[in-house]
$ cat input_5.txt   # compact mmCIF, C-alpha atoms and all ligand atoms
# COMPACT_ATOMS: atom_id res chain seq x y z
CA MET A 188 124.58 61.27 105.66
CA THR A 189 121.72 63.51 106.89
CA PRO A 190 119.94 66.03 104.64
CA GLN A 191 121.80 68.74 106.57
CA ASP A 192 125.11 67.11 105.63
CA SER A 193 124.26 66.76 101.92
CA LEU A 194 122.90 70.30 101.84
CA ASP A 195 126.04 71.75 103.43
CA ARG A 196 128.26 69.68 101.14
CA PHE A 197 126.35 71.04 98.13
CA ALA A 198 126.69 74.64 99.32
CA SER A 199 130.40 74.27 100.11
CA ALA A 200 131.16 72.72 96.71
CA LYS A 201 129.31 75.56 94.96
CA LEU A 202 131.23 78.13 97.00
CA ASP A 203 134.53 76.52 95.98
CA VAL A 204 133.58 76.82 92.31
CA LEU A 205 132.64 80.49 92.76
CA ALA A 206 135.83 81.24 94.67
CA ALA A 207 137.97 79.60 91.97
CA SER A 208 136.55 81.95 89.34
CA GLN A 209 136.65 85.00 91.66
CA ARG A 210 132.85 85.11 91.72
CA ARG A 211 132.32 84.54 95.40
CA ARG A 212 130.71 87.62 96.92
CA THR A 213 130.90 88.92 100.46
CA PHE A 214 129.20 91.76 102.31
CA SER A 215 131.06 94.74 103.73
CA HIS A 216 129.51 96.64 106.61
CA THR A 217 128.85 100.15 105.36
CA ALA A 218 127.30 103.02 107.30
CA ARG A 219 126.04 105.64 104.88
CA GLY A 220 125.81 109.20 106.13
CA ALA A 221 124.71 112.39 104.43
CA ASP A 222 126.52 113.72 101.34
CA LEU A 223 127.51 110.22 100.20
CA ILE A 224 130.00 109.76 103.01
CA ALA A 225 130.32 106.05 103.79
CA GLU A 226 132.08 104.54 106.79
CA ARG A 227 133.60 101.23 105.86
CA GLY A 228 136.43 99.17 107.33
CA GLY A 229 137.32 101.98 109.76
CA ARG A 230 137.63 104.51 106.93
CA SER A 231 135.45 107.42 105.93
CA LEU A 232 135.10 107.43 102.14
CA ILE A 233 133.24 109.50 99.55
CA SER A 234 131.05 107.07 97.69
CA PHE A 235 130.98 107.10 93.90
CA CYS A 236 129.07 103.82 93.72
CA ASP A 237 125.66 104.68 95.17
CA ASN A 238 122.56 105.06 93.03
CA ASP A 239 121.49 107.93 95.30
CA TYR A 240 121.76 110.30 92.32
CA LEU A 241 120.05 113.23 93.99
CA GLY A 242 121.24 112.70 97.56
CA LEU A 243 117.63 112.22 98.63
CA THR A 244 118.30 109.29 101.00
CA HIS A 245 119.32 111.91 103.56
CA HIS A 246 117.23 114.90 102.50
CA PRO A 247 115.66 116.59 105.57
CA ALA A 248 112.19 116.92 104.00
CA VAL A 249 112.22 113.28 102.88
CA LYS A 250 113.30 112.06 106.31
CA ALA A 251 110.68 114.24 108.02
CA ALA A 252 107.92 112.80 105.81
CA ALA A 253 109.05 109.26 106.65
CA ARG A 254 109.11 110.04 110.38
CA ALA A 255 105.62 111.51 110.32
CA ALA A 256 104.23 108.47 108.47
CA LEU A 257 105.97 106.11 110.90
CA ASP A 258 104.27 107.81 113.84
CA ARG A 259 100.87 107.92 112.18
CA TYR A 260 100.68 104.51 110.47
CA GLY A 261 103.25 102.33 112.29
CA VAL A 262 106.28 100.43 111.09
CA GLY A 263 104.81 97.81 108.77
CA ALA A 264 101.92 97.68 106.31
CA GLY A 265 100.24 94.83 108.17
CA ALA A 266 99.10 92.94 105.08
CA SER A 267 99.20 92.96 101.30
CA ARG A 268 97.71 95.93 99.44
CA LEU A 269 94.53 94.03 98.56
CA ILE A 270 93.87 93.32 102.26
CA THR A 271 94.73 96.22 104.62
CA GLY A 272 98.21 97.23 103.42
CA ASN A 273 97.02 99.95 101.05
CA HIS A 274 97.51 102.96 103.35
CA PRO A 275 96.40 106.33 101.93
CA LEU A 276 99.93 107.41 100.97
CA TYR A 277 99.95 104.90 98.10
CA ALA A 278 97.28 106.82 96.18
CA GLU A 279 99.29 110.03 96.49
CA LEU A 280 102.47 108.29 95.31
CA GLU A 281 100.78 106.69 92.30
CA ARG A 282 99.17 109.98 91.33
CA LEU A 283 102.57 111.73 91.43
CA LEU A 284 104.25 108.98 89.38
CA ALA A 285 101.56 108.96 86.69
CA ARG A 286 101.67 112.74 86.42
CA LEU A 287 105.47 112.86 86.18
CA LYS A 288 105.43 110.28 83.36
CA GLY A 289 102.38 111.66 81.61
CA ALA A 290 100.67 108.28 81.99
CA GLU A 291 97.04 107.57 82.89
CA ALA A 292 97.87 105.53 85.95
CA ALA A 293 100.61 103.94 88.04
CA LEU A 294 101.01 100.93 90.29
CA VAL A 295 103.62 100.58 93.04
CA PHE A 296 105.23 97.20 93.74
CA GLY A 297 107.49 96.07 96.58
CA SER A 298 110.66 96.71 94.55
CA GLY A 299 111.83 97.16 90.99
CA TYR A 300 112.79 93.51 90.81
CA LEU A 301 109.34 92.47 92.00
CA ALA A 302 107.74 94.84 89.51
CA ASN A 303 109.37 93.19 86.49
CA ALA A 304 108.89 89.72 87.96
CA GLY A 305 105.15 90.50 88.21
CA ILE A 306 104.38 92.72 85.21
CA ILE A 307 105.82 90.54 82.45
CA PRO A 308 104.08 87.21 83.26
CA ALA A 309 100.80 89.08 83.83
CA LEU A 310 100.85 90.32 80.23
CA VAL A 311 102.45 87.51 78.21
CA GLY A 312 102.51 83.73 78.55
CA PRO A 313 103.77 80.48 77.02
CA GLU A 314 102.38 81.25 73.55
CA ASP A 315 104.01 84.66 73.34
CA LEU A 316 107.24 86.21 72.13
CA ILE A 317 109.55 88.27 74.38
CA LEU A 318 112.51 90.23 73.05
CA ILE A 319 115.14 91.42 75.53
CA ASP A 320 118.21 93.59 75.08
CA ALA A 321 121.30 91.49 75.83
CA LEU A 322 122.37 93.92 78.58
CA GLY A 323 118.94 93.96 80.25
CA HIS A 324 118.79 93.73 84.03
CA ALA A 325 118.49 90.31 85.69
CA CYS A 326 114.90 91.02 86.73
CA LEU A 327 113.79 91.51 83.11
CA PHE A 328 115.09 88.01 82.42
CA ALA A 329 113.44 86.73 85.60
CA GLY A 330 110.08 88.15 84.50
CA ALA A 331 110.49 86.74 81.00
CA ARG A 332 111.37 83.32 82.36
CA ALA A 333 108.35 83.38 84.69
CA ALA A 334 106.15 84.11 81.65
CA ARG A 335 107.50 80.91 80.00
CA GLY A 336 107.17 82.45 76.54
CA ARG A 337 109.69 82.30 73.70
CA VAL A 338 112.58 84.53 74.83
CA GLU A 339 114.81 86.03 72.14
CA ILE A 340 117.81 88.15 73.13
CA PHE A 341 118.92 90.88 70.72
CA PRO A 342 122.42 92.43 70.70
CA HIS A 343 122.65 95.55 72.85
CA ASN A 344 120.73 98.50 71.35
CA ASP A 345 120.61 96.81 67.93
CA VAL A 346 117.22 97.82 66.48
CA GLU A 347 117.84 96.00 63.19
CA ALA A 348 118.65 92.76 64.97
CA ALA A 349 115.44 93.13 66.98
CA GLU A 350 113.52 93.65 63.75
CA ALA A 351 115.09 90.52 62.25
CA ILE A 352 113.71 88.52 65.19
CA LEU A 353 110.27 90.04 64.68
CA ILE A 354 110.36 89.26 60.95
CA ARG A 355 111.23 85.65 61.71
CA HIS A 356 108.94 84.94 64.66
CA ARG A 357 106.30 87.60 65.27
CA ALA A 358 103.57 85.92 63.21
CA GLU A 359 103.86 82.69 65.21
CA HIS A 360 102.86 84.36 68.48
CA PRO A 361 99.65 86.13 69.51
CA ARG A 362 101.33 88.70 71.76
CA CYS A 363 104.80 90.19 71.86
CA MET A 364 106.77 92.28 74.37
CA LEU A 365 110.07 94.10 73.87
CA LEU A 366 112.04 94.75 77.06
CA THR A 367 114.88 97.20 77.42
CA GLU A 368 116.36 99.71 79.86
CA GLY A 369 116.07 103.46 79.45
CA VAL A 370 119.53 104.05 80.90
CA PHE A 371 121.67 100.92 81.11
CA SER A 372 122.73 100.26 84.66
CA MET A 373 126.29 99.06 84.08
CA ASP A 374 127.24 101.09 80.98
CA GLY A 375 125.35 104.33 81.49
CA ASP A 376 124.32 104.54 77.84
CA ARG A 377 120.70 104.94 76.74
CA ALA A 378 118.41 102.81 74.59
CA PRO A 379 117.43 104.15 71.15
CA LEU A 380 113.86 104.55 72.37
CA ALA A 381 112.45 106.45 69.38
CA PRO A 382 113.48 103.78 66.81
CA LEU A 383 112.47 101.00 69.21
CA ALA A 384 109.05 102.58 69.72
CA ALA A 385 108.60 102.88 65.94
CA LEU A 386 109.63 99.23 65.53
CA CYS A 387 107.18 98.13 68.22
CA ALA A 388 104.41 100.15 66.54
CA ARG A 389 105.04 98.37 63.20
CA TRP A 390 104.97 94.90 64.76
CA ASP A 391 102.35 95.32 67.49
CA ALA A 392 104.94 94.70 70.20
CA TRP A 393 104.45 96.10 73.71
CA LEU A 394 107.48 98.17 74.67
CA LEU A 395 108.53 98.02 78.31
CA THR A 396 111.32 100.32 79.48
CA ASP A 397 113.06 99.69 82.78
CA ASP A 398 113.97 103.23 83.75
CA ALA A 399 115.58 102.44 87.09
CA HIS A 400 118.47 104.79 86.26
CA GLY A 401 116.51 107.36 84.23
CA LEU A 402 113.90 108.69 86.64
CA GLY A 403 115.16 111.81 88.38
CA VAL A 404 118.26 112.23 86.21
CA VAL A 405 117.35 112.44 82.51
CA GLY A 406 114.55 114.26 80.72
CA GLY A 407 114.46 116.94 83.42
CA GLY A 408 113.84 114.18 85.96
CA ARG A 409 110.91 112.67 84.05
CA GLY A 410 112.98 109.81 82.65
CA SER A 411 114.21 108.41 79.36
CA ALA A 412 110.95 108.30 77.40
CA PHE A 413 110.49 111.99 78.04
CA ALA A 414 114.16 112.65 77.18
CA ALA A 415 113.61 110.89 73.84
CA GLY A 416 110.59 113.06 73.08
CA LEU A 417 108.17 110.14 73.44
CA SER A 418 104.77 109.99 75.08
CA ALA A 419 103.20 107.36 77.32
CA ARG A 420 101.44 105.96 74.24
CA ASP A 421 104.79 105.40 72.48
CA VAL A 422 106.17 103.60 75.54
CA PRO A 423 103.07 101.98 77.01
CA LEU A 424 104.89 100.23 79.87
CA GLN A 425 107.29 102.44 81.81
CA MET A 426 108.60 100.74 84.91
CA GLY A 427 111.27 101.79 87.35
CA THR A 428 112.39 101.87 90.93
CA LEU A 429 111.94 104.21 93.87
CA SER A 430 115.27 103.06 95.33
CA LYS A 431 117.69 105.01 93.17
CA ALA A 432 117.26 108.73 92.43
CA VAL A 433 114.10 108.74 94.57
CA GLY A 434 116.24 107.54 97.48
CA SER A 435 113.58 105.34 99.07
CA TYR A 436 112.35 101.83 98.16
CA GLY A 437 109.76 100.20 95.93
CA GLY A 438 109.10 99.64 92.23
CA TYR A 439 106.47 101.06 89.91
CA LEU A 440 104.76 100.76 86.57
CA CYS A 441 103.24 103.71 84.72
CA ALA A 442 100.76 102.63 82.05
CA SER A 443 97.22 103.07 80.78
CA ALA A 444 94.24 102.72 83.12
CA PRO A 445 93.19 99.24 81.87
CA VAL A 446 96.72 97.85 82.13
CA ILE A 447 97.14 99.13 85.68
CA ASP A 448 93.71 97.81 86.57
CA LEU A 449 94.61 94.37 85.23
CA LEU A 450 97.84 94.32 87.22
CA ARG A 451 95.98 95.15 90.43
CA SER A 452 94.35 91.74 90.03
CA ARG A 453 97.09 89.80 88.24
CA GLY A 454 100.43 91.24 89.30
CA ARG A 455 101.28 88.28 91.52
CA THR A 456 104.39 89.82 93.08
CA MET A 457 102.17 92.66 94.33
CA VAL A 458 99.04 90.64 95.11
CA TYR A 459 100.85 88.03 97.24
CA SER A 460 103.37 90.28 98.97
CA THR A 461 102.96 92.65 101.91
CA GLY A 462 102.59 96.36 101.20
CA LEU A 463 105.57 98.65 101.64
CA PRO A 464 106.21 100.21 105.05
CA PRO A 465 104.22 103.48 105.23
CA ALA A 466 107.35 105.52 106.01
CA THR A 467 108.94 104.24 102.81
CA VAL A 468 105.96 105.31 100.72
CA ALA A 469 105.90 108.71 102.45
CA ALA A 470 109.60 109.19 101.68
CA SER A 471 108.94 108.42 98.02
CA VAL A 472 106.09 110.94 97.92
CA ALA A 473 108.27 113.69 99.40
CA ALA A 474 111.20 112.85 97.11
CA LEU A 475 109.04 112.77 93.96
CA ALA A 476 107.63 116.16 94.89
CA LEU A 477 111.21 117.51 94.97
CA ILE A 478 111.96 115.91 91.59
CA ALA A 479 108.77 117.29 90.05
CA ASP A 480 109.66 120.72 91.45
CA GLY A 481 113.08 120.52 89.83
CA ALA A 482 114.37 123.08 92.30
CA GLU A 483 117.80 124.60 91.56
CA GLY A 484 118.50 122.29 88.64
CA LEU A 485 118.59 119.32 91.04
CA CYS A 486 117.92 116.71 88.35
CA ALA A 487 120.49 118.09 85.89
CA ARG A 488 123.34 118.15 88.39
CA PRO A 489 124.39 114.45 88.45
CA LEU A 490 124.88 114.38 84.67
CA ALA A 491 126.68 117.74 84.76
CA LEU A 492 129.13 116.36 87.34
CA ALA A 493 129.65 113.18 85.28
CA ARG A 494 130.45 115.41 82.29
CA ARG A 495 132.92 117.43 84.37
CA PHE A 496 134.68 114.15 85.22
CA THR A 497 134.84 112.76 81.68
CA GLU A 498 136.03 116.12 80.33
CA ALA A 499 138.84 116.22 82.89
CA LEU A 500 140.06 112.83 81.66
CA GLY A 501 139.28 113.15 77.95
CA LEU A 502 136.76 110.29 78.10
CA PRO A 503 133.66 110.10 75.86
CA ALA A 504 130.77 112.34 76.96
CA PRO A 505 128.40 110.49 79.32
CA ALA A 506 124.71 109.88 78.53
CA SER A 507 123.82 109.53 82.21
CA PRO A 508 125.45 109.89 85.65
CA ILE A 509 126.87 106.35 85.24
CA VAL A 510 130.45 106.23 83.93
CA PRO A 511 132.07 102.80 83.47
CA LEU A 512 135.86 102.45 83.49
CA ILE A 513 136.49 99.12 81.79
CA MET A 514 139.44 97.35 83.45
CA GLY A 515 139.21 94.09 81.48
CA SER A 516 139.84 91.55 84.22
CA PRO A 517 138.45 90.86 87.69
CA GLN A 518 141.86 91.41 89.28
CA ARG A 519 142.48 94.76 87.57
CA ALA A 520 139.03 95.94 88.60
CA LEU A 521 139.63 94.88 92.22
CA ASP A 522 143.08 96.52 92.27
CA GLY A 523 141.64 99.74 90.86
CA ALA A 524 138.91 99.83 93.49
CA ALA A 525 141.49 99.23 96.23
CA ARG A 526 143.70 102.08 95.00
CA LEU A 527 140.76 104.48 94.84
CA GLY A 528 139.88 103.38 98.37
CA ASP A 529 143.36 104.41 99.49
CA ALA A 530 142.68 107.81 97.91
CA GLY A 531 139.47 108.20 99.96
CA PHE A 532 136.85 107.05 97.45
CA LEU A 533 134.40 104.18 97.63
CA VAL A 534 134.14 102.63 94.17
CA MET A 535 133.03 99.09 93.33
CA ALA A 536 134.63 96.57 91.05
CA ILE A 537 131.81 95.11 88.96
CA ARG A 538 132.55 91.59 87.83
CA ALA A 539 131.00 88.76 85.86
CA PRO A 540 128.27 87.57 85.82
CA THR A 541 126.86 91.06 86.50
CA VAL A 542 128.76 92.19 83.38
CA PRO A 543 130.15 90.02 80.53
CA PRO A 544 133.52 88.38 81.30
CA GLY A 545 136.40 90.54 80.05
CA THR A 546 134.48 93.78 80.66
CA GLU A 547 135.05 93.88 84.42
CA ARG A 548 134.92 97.50 85.40
CA LEU A 549 134.81 100.26 87.93
CA ARG A 550 131.32 101.69 87.79
CA LEU A 551 131.30 105.34 88.85
CA THR A 552 128.04 107.09 89.67
CA PHE A 553 127.73 110.82 90.16
CA SER A 554 125.26 112.44 92.52
CA ALA A 555 123.88 115.92 93.08
CA ALA A 556 125.25 115.54 96.62
CA HIS A 557 128.87 115.46 95.38
CA THR A 558 130.82 118.70 95.21
CA GLU A 559 132.83 119.85 92.20
CA ALA A 560 135.96 119.50 94.36
CA ASP A 561 135.09 115.81 95.09
CA VAL A 562 134.77 115.16 91.37
CA ASP A 563 138.06 116.89 90.54
CA ARG A 564 139.92 114.92 93.19
CA LEU A 565 138.38 111.68 91.89
CA ALA A 566 139.50 112.54 88.36
CA ARG A 567 143.08 113.04 89.56
CA ALA A 568 143.01 109.70 91.41
CA VAL A 569 141.57 107.87 88.37
CA GLU A 570 144.21 109.40 86.10
CA HIS A 571 146.82 107.26 87.83
CA LEU A 572 144.86 104.07 87.06
CA LEU A 573 144.29 104.53 83.34
C1 LIG B 1 118.24 98.37 90.43
C2 LIG B 1 117.55 97.91 89.23
C3 LIG B 1 116.37 97.19 89.32
C4 LIG B 1 115.83 96.68 90.62
O1 LIG B 1 115.22 97.67 91.37
P1 LIG B 1 115.06 97.43 92.93
O2 LIG B 1 114.01 98.40 93.34
O3 LIG B 1 116.39 97.70 93.53
O4 LIG B 1 114.63 96.01 93.11
C5 LIG B 1 115.70 96.88 88.16
N1 LIG B 1 116.19 97.23 86.95
C6 LIG B 1 117.33 97.92 86.84
C7 LIG B 1 117.82 98.29 85.49
C8 LIG B 1 118.06 98.27 87.96
O5 LIG B 1 119.21 98.91 87.83
$ encode --input "input_5.txt" --output "structure tokens"
Amino acid sequence: MTPQDSLDRFASAKLDVLAASQRRRTFSHTARGADLIAERGGRSLISFCDNDYLGLTHHPAVKAAARAALDRYGVGAGASRLITGNHPLYAELERLLARLKGAEAALVFGSGYLANAGIIPALVGPEDLILIDALGHACLFAGARAARGRVEIFPHNDVEAAEAILIRHRAEHPRCMLLTEGVFSMDGDRAPLAPLAALCARWDAWLLTDDAHGLGVVGGGRGSAFAAGLSARDVPLQMGTLSKAVGSYGGYLCASAPVIDLLRSRGRTMVYSTGLPPATVAASVAALALIADGAEGLCARPLALARRFTEALGLPAPASPIVPLIMGSPQRALDGAARLGDAGFLVMAIRAPTVPPGTERLRLTFSAAHTEADVDRLARAVEHLL
């Protein structure tokens, strides 16, 4: 048996296990157009599963900025940011991010995943304690694992349980981080940031919020810390992504000047990875300018449309533009997605291990680019599933 044979046998056996538990994933070709219209499988569907909360992936000013940067700086960054990949647009983007968050400084990474995978191990190590909300994103866990510290998971949004961990273990560790999301990606609820910040202040724990789904849609677009009435000192590590409401690509951290300065040297996923394409950074700059402008209530619209939907169906009021419809089994979630597809909507079945087994769901996301009529039609189609 050659290594190729044993490798293929390993991969095939793994695939069989995944298929047996309905966890095998496949790609579907999807061509996204403006206004969240997606062409898939020969059908034209209105997508309620994008994270393009403000419709900025197709905004004319954002596209024009990307085109201009492409012509001026070329397609790729050429090298990492510490070599020649730090084109001038980065400084503009980081200035905008820091200002929007009220932080001293910001640092842009290749993606949100890379940001967490780099930030956490740069700040804590094997001697340290890391607390993570049980529903935290996979990249928070990846960063924590890379730090090789003591990782303690607390039940979702349970501040008392987090405190119990601190009471038990904080004194044994020189440094401590607490990791949570501002808006939870699969449930759409928010973290109790004010009590968590107070807890972290009592125990000298560094609070990191992953606000991938908060920027642009809560707190007038400035994110969950701002929505909770907190300052950059209360939440000293605010990270997020430029790939959701901002409509582009990349990850960021907003923090104090010394922290950002340290990460410029020690954020390995930034140091050892090529800079973002200039057009991507330019798109983020243009999109953030629109968010900061807040023109025509842009940032409030996704949540308003989510509320219109939940009110139509008598569901609990949403805390974000993410509305989960728990179906309870992989098959029910898949069937629900298929039926909504027949009604003209693109909606994803979210299954384990992305969410806990038994909570398989349809995850609906609302965007400023949807119309009220789209939302009303979706509500009528969902009514038949519940
Ligand atoms: C999407 C997401 C990320 C990853 O961001 P990318 O820029 O897509 O890598 C990180 N955290 C959360 C909570 C997310 O939803």
$ closest_residue --input "input_5.txt" --among "A:Asp222, A:Asp391, A:Asp237, A:Asp203" --to "Phe553 in chain A" --atoms "all atoms listed in the file"
A:Asp237
$ residues_near_point --input "input_5.txt" --point "(139.2, 105.9, 102.1)" --cutoff "9 Å" --atoms "all atoms listed in the file" --output "ChimeraX atom specification"
/A:226-233,527-533
$ closest_residue --input "input_5.txt" --among "A:Arg526, A:Arg377, A:Arg282, A:Arg494" --to "ligand LIG 1 (chain B)" --atoms "all atoms listed in the file"
A:Arg377
$ atom_distance --input "input_5.txt" --atom1 "CA of Ala302 in chain A" --atom2 "CA of Leu327 in chain A"
9.4 Å
$ residues_around --input "input_5.txt" --residues "Asp315 in chain A" --least-positions-apart "3" --cutoff "12 Å" --atoms "all atoms listed in the file" --output "list in words"
Ile307, Pro308, Ala309, Leu310, Val311, Gly312, Leu318, Ala331, Arg332, Ala334, Arg335, Gly336, Arg337, Val338, Glu339, Leu353, His356, Arg357, Ala358, Glu359, His360, Pro361, Arg362, Cys363, Met364, Leu365, Ala392 and Trp393 of chain A
$ residues_around --input "input_5.txt" --residues "Leu383 in chain A" --least-positions-apart "2" --cutoff "9 Å" --atoms "only C-alpha atoms" --output "VMD selection string"
chain A and resid 344 346 349 365 378 to 381 385 to 388 394
$ closest_residue --input "input_5.txt" --among "A:Leu475, A:Cys326, A:Leu294, A:Ala520" --to "ligand LIG 1 (chain B)" --atoms "all atoms listed in the file"
A:Cys326
$ residues_near_point --input "input_5.txt" --point "(102.8, 99.3, 96.0)" --cutoff "8 Å" --atoms "only C-alpha atoms" --output "number ranges by chain"
A: 268, 273, 277, 294-297, 437-439, 457, 462-463
$ closest_residue --input "input_5.txt" --among "A:Gly330, A:Pro275, A:Gly410, A:Gly434" --to "His245 in chain A" --atoms "all atoms listed in the file"
A:Gly434
$ atom_distance --input "input_5.txt" --atom1 "CA of Arg564 in chain A" --atom2 "CA of Arg495 in chain A"
11.5 Å
$ residues_near_ligand --input "input_5.txt" --ligand "ligand LIG 1 (chain B)" --cutoff "7 Å" --atoms "only C-alpha atoms and all ligand atoms" --output "PyMOL selection string"
chain A and resi 298-301+323-324+326+368+371-372+397-400+427-430+436-438
$ closest_residue --input "input_5.txt" --among "A:Ala218, A:Ile513, A:Val433, A:Ala539" --to "Ala473 in chain A" --atoms "all atoms listed in the file"
A:Val433
$ closest_residue --input "input_5.txt" --among "A:Ala293, A:Ile354, A:Leu366, A:Leu257" --to "Phe328 in chain A" --atoms "all atoms listed in the file"
A:Leu366
$ atom_distance --input "input_5.txt" --atom1 "CA of Leu512 in chain A" --atom2 "CA of Cys486 in chain A"
23.4 Å
$ axis_aligned_box --input "input_5.txt" --around "range 436-454 of chain A" --padding-each-side "5 Å" --output "lines of an AutoDock Vina configuration file"
center_x = 102.8
center_y = 96.8
center_z = 89.5
size_x = 29.2
size_y = 23.9
size_z = 27.4
$ residues_around --input "input_5.txt" --residues "Ala499 in chain A" --least-positions-apart "2" --cutoff "9 Å" --atoms "all atoms listed in the file" --output "ChimeraX atom specification"
/A:494-497,501-502,563,566-567
$ residues_around --input "input_5.txt" --residues "Leu284 in chain A" --least-positions-apart "3" --cutoff "8 Å" --atoms "all atoms listed in the file" --output "list in words"
Leu280, Glu281, Leu287, Lys288, Ala293, Cys441 and Leu475 of chain A
$ write_last_selection --input "input_5.txt" --atoms "C-alpha atoms" --output "PDB file, in the coordinates of the input"
ATOM      1  CA  LEU A 280     102.470 108.290  95.310  1.00  0.00           C
ATOM      2  CA  GLU A 281     100.780 106.690  92.300  1.00  0.00           C
ATOM      3  CA  LEU A 287     105.470 112.860  86.180  1.00  0.00           C
ATOM      4  CA  LYS A 288     105.430 110.280  83.360  1.00  0.00           C
ATOM      5  CA  ALA A 293     100.610 103.940  88.040  1.00  0.00           C
ATOM      6  CA  CYS A 441     103.240 103.710  84.720  1.00  0.00           C
ATOM      7  CA  LEU A 475     109.040 112.770  93.960  1.00  0.00           C
TER       8      LEU A 475
END
